[in-house]
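All remarks here apply to the structure that follows.
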Amino acid sequence: MASTPLHVLLFPFMAKGHTIPILDLARLLLRRNATVTLFTTPANRQYVSASLSDTPTTIITLPFPDNIPGIPSGVESVDKLPSSSLFYSFVSSTKLMKSHFEQAIQALETPVTFMVTDGFFGWTLDSANIFNIPRLVYYGMSNFAITMFRVISLNPHLFDGKTDTDLVTVPEFPWMTATRLECDDATDRDSPLFKWRMEQVVATIKSYGLVTNSFFELEPVYAEYWNSNSAPKSWSVGPLCLAQERIKKESLSDQKPSWMVWLDKKLLELGVPVLYVAFGSQADICINQIEEIKLGLERSEVNFLWVVRRSEESFGPDDGFEERVKEKGIVVREWVDQREILEHESVKGFVSHCGWNSVLESICAGVPILAWPLAAEQPLNAKFVVEEMKIGMRVETCDGSVKGFVKWEGLKKNVKELMEGVKGKEVRKKVKEISDAAVEAVKEGGSSWRTLNELIVELQTKS
Ligand code: UDP
Ligand code: UDP
């Protein structure tokens with residue numbers, strides 16, 4: 001059957017963790033000779049177009065809704081929200097872009113093969129149907145996490161009468177237990193986000209399928225679940241971060257960011273191992289917790305590179321911490337190239353909030369994780385990292401719960417174990433094996449490479 005030219009529309013949600021992998025997906029599609037049209041908003045255009053500047057991607061800017069209560073004008077990304085409590089207002093107002101999105105599709109000159117839109121943009125399904133374009137949903141989560149959320153939404157009474165930490169056996173997966181605390185507000189039917197989430201789930205179920213940033217070998221059971229159930233199919237085409245061709249940076253130190261020069265220096269100090277500490281693009285960590293992290297890192301005496309986001313005031317007053325630790329550790333307040341850091345030979349461990357991109361980037365770099373989940377599906381990712389993949393350890397919380405407060409004593413012990421202990425050695429070995437499998441999956445002929453081809457062929461012959 002003759003196939004039609006491939007034209008894909010991409011529409012990522014306005015958060016770095018959602019946008020970065022979609023930019024990588026654009027790169028993969030361009031390598032399949034696709035025409036790619038990517039939708040964004042005015043404030044995010046600069047970032048998107050700089051990132052794709054070496055590609056022929058068409059970028060369409062849609063006006064972002066104005067006058068959303070609490071959201072300052074010009075803020076078009078959740079990373080820039082003054083408070084995470086504004087998330088719901090932000091995300092629910094994106095549907096005000098619908099008519100602009102549809103006008104833009106109407107004006108396109110090339111027929112569209114399919115669209116990949118964010119799982120938070122359930123409203124794009126209606127637009128897709130109007131134009132008879134298959135919609136694929138991008139969640140930015142593992143097959144494991146989307147499976148857990150699906151099973152929980154199909155069993156709304158699962159957590160009735162349970163406390164936050166009571167263990168519940170997950171239906172269909174008898175070896176798996178979960179707690180309410182691990183499942184975010186997916187279990188709280190009274191929360192304002194719940195209804196909105198259900199709308200997204202319904203739109204997903206009615207969509208053509210899912211494009212997932214994972215690879216089959218990583219989670220065969222959960223990938224199979226989507227392919228064998230009456231659920232939309234999940235095409236695992238990742239790790240998407242491997243789509244970027246890593247250009248070996250010039251070794252001249254004046255062209256490198258200061259923290260990369262610092263990592264080079266650590267390598268020259270007879271390969272001193274460095275712990276990388278970072279909690280993603282959105283985390284809000286309270287000042288008391290920051291103080292414990294400072295103490296834990298300082299007293300563990302490991303070498304560390306700590307990237308802090310958000311403003312300096314949340315890092316507390318200048319208490320001489322950075323001066324005291326300067327031989328061993330640095331604090332970076334800028335946007336870093338996280339993959340470049342993880343891939344540096346000096347980096348041997350990662351204290352991570354377990355955002356799914358961070359987990360995949362750590363796997364690809366062969367770096368084991370000290371899992372410290374904070375919000376959203378991160379507790380599920382942490383569970384997967386520690387219990388299923390066995391490529392990391394859990395941070396010790398005071399109350400033993402997944403989102404509990406961490407005291408410096410526990411952090412110090414965990415960090416030393418990860419960097420110097422027997423357990424650290426074990427998880428480091430395991431992550432290297434999975435890292436090799438990830439590289440194989442995206443290579444020509446590998447599972448993710450084949451899956452993307454299958455998706456393209458299926459939709460091209462349909463259109
Ligand atoms: N920016 C963005 N999305 C937004 C707001 C800003 O990508 O919703 C970009 C903006 O184009 C600029 C950068 O982020 O390149 C810095 O923006 P701003 O000065 O508002 O933030 P700050 O650097 O103070 O965090
Ligand atoms: N990231 C980065 N530099 C930073 C902070 C974050 O490159 O200074 C990237 C990181 O590599 C990852 C993404 O931002 O690709 C964050 O996504 P993740 O899913 O780990 O966490 P989120 O920010 O969504 O909580």
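Chain identifiers are assigned as A, B, and so on, following the order in which chains appear in the structure tokens; residues are numbered from 1 within each chain, and ligands are numbered from 1 in order of appearance.
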Please check which protein, DNA or RNA residues sit within 12 Å of ligand 1, counting only C-alpha atoms and all ligand atoms, and write them as an NGL selection string.
:A and (13-16 or 19-20 or 40-51 or 64-65 or 71-82 or 90 or 281-282 or 309-312 or 333-335)
Non-local contacts of segment 398-408 of chain A (10 Å; only C-alpha atoms; under 6 positions in same chain excluded) as a VMD selection string
chain A and resid 164 to 165 179 181 to 182 288 to 300 371 to 375 378 to 380 382 to 383 414
Could you pull the residues within 7 Å of Val307 of chain A, counting only C-alpha atoms, minus those fewer than 4 positions along the same chain, as number ranges by chain?
A: 277-278, 331-333
Determine which residues of segment 241-375 of chain A receive a DSSP assignment of strand (DSSP E), computed from the backbone, and state them as a list in words.
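Assigned to strand (DSSP E), within segment 241-375 of chain A: Val274, Leu275, Tyr276, Val277, Ala278, Asn303, Phe304, Leu305, Trp306, Val307, Gly329, Ile330, Val331, Val332, Val347, Lys348, Gly349, Phe350, Val351, Ser352, Ile369, Leu370 and Ala371 of chain A.
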Atomic separation - atom CA of Phe194 of chain A relative to atom CA of Pro156 of chain A, Å:
11.2 Å
Out of segment 65-103 of chain A, which residues get alpha helix (DSSP H) from DSSP, as a ChimeraX atom specification?
/A:87-93,98-103
If we count only C-alpha atoms, what is near Leu275 of chain A at a cut-off of 8 Å, once residues fewer than 3 positions away on the same chain are taken out, given as a short mmCIF file (atom, residue, chain, number, x, y, z; two decimals) with C-alpha atoms, in the first residue's frame?
data_model
loop_
_atom_site.label_atom_id
_atom_site.label_comp_id
_atom_site.auth_asym_id
_atom_site.auth_seq_id
_atom_site.Cartn_x
_atom_site.Cartn_y
_atom_site.Cartn_z
CA VAL A 302 31.41 13.15 49.98
CA ASN A 303 32.14 15.39 47.00
CA PHE A 304 28.93 16.83 45.59
CA LEU A 305 27.42 19.08 42.95
CA VAL A 347 29.62 11.52 38.69
CA LYS A 348 28.94 8.24 40.49
CA GLY A 349 25.62 8.82 42.26
CA PHE A 350 22.46 10.92 41.94
CA VAL A 351 20.20 12.17 44.73
CA MET A 419 28.90 6.29 47.11
#
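Take the candidates A:Ile341, A:Ala145, A:Met260, A:Leu9 and check each one against Tyr276 of chain A using only C-alpha atoms; the shortest distance goes to A:Ile341.
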Would you please work out which residue, of A:Arg339, A:Lys413, A:Lys98, A:Arg31, is nearest to ligand 2 when using only C-alpha atoms and all ligand atoms?
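Residue with the minimum atom-to-atom distance to ligand 2: A:Arg339.
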So which residues touch Ser358 of chain A within 9 Å, counting only C-alpha atoms, skipping near sequence neighbours fewer than 4 positions away, as JSON, numbers by chain?
{"A": [17, 279, 280, 338, 339, 352, 353, 354, 362, 363]}
Would you mind listing what lies within 12 Å of Leu136 of chain A as a count of residues only, with only C-alpha atoms counted and same-chain residues fewer than 4 positions away left out?
35
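Minimum distance to Val439 of chain A across A:Thr94, A:Ser127, A:Ser153, A:Ser214 (counting only C-alpha atoms) occurs at A:Ser214.
Proximity of A:Met389, A:Leu28, A:Ala223, A:Leu86 to Val442 of chain A, computed with only C-alpha atoms, is greatest for A:Leu28.
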Which distance in Å separates atom CA of Glu217 of chain A and atom CA of Met176 of chain A, to one decimal?
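Separation of atom CA of Glu217 of chain A and atom CA of Met176 of chain A: 19.1 Å.
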Take atom CA of Glu343 of chain A and atom CA of Gly445 of chain A and report the distance between them in Å, one decimal.
24.6 Å
Can you tell me which residues surround Gly366 of chain A at a distance of at most 9 Å, considering only C-alpha atoms, apart from same-chain residues fewer than 4 positions away, and format the answer as a VMD selection string?
chain A and resid 342 to 343 348 361 to 362 428 to 436
Would you please work out which residue, of A:Val36, A:Ala26, A:Cys241, A:Leu96, is nearest to ligand 2 when using only C-alpha atoms and all ligand atoms?
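Closest candidate: A:Cys241.
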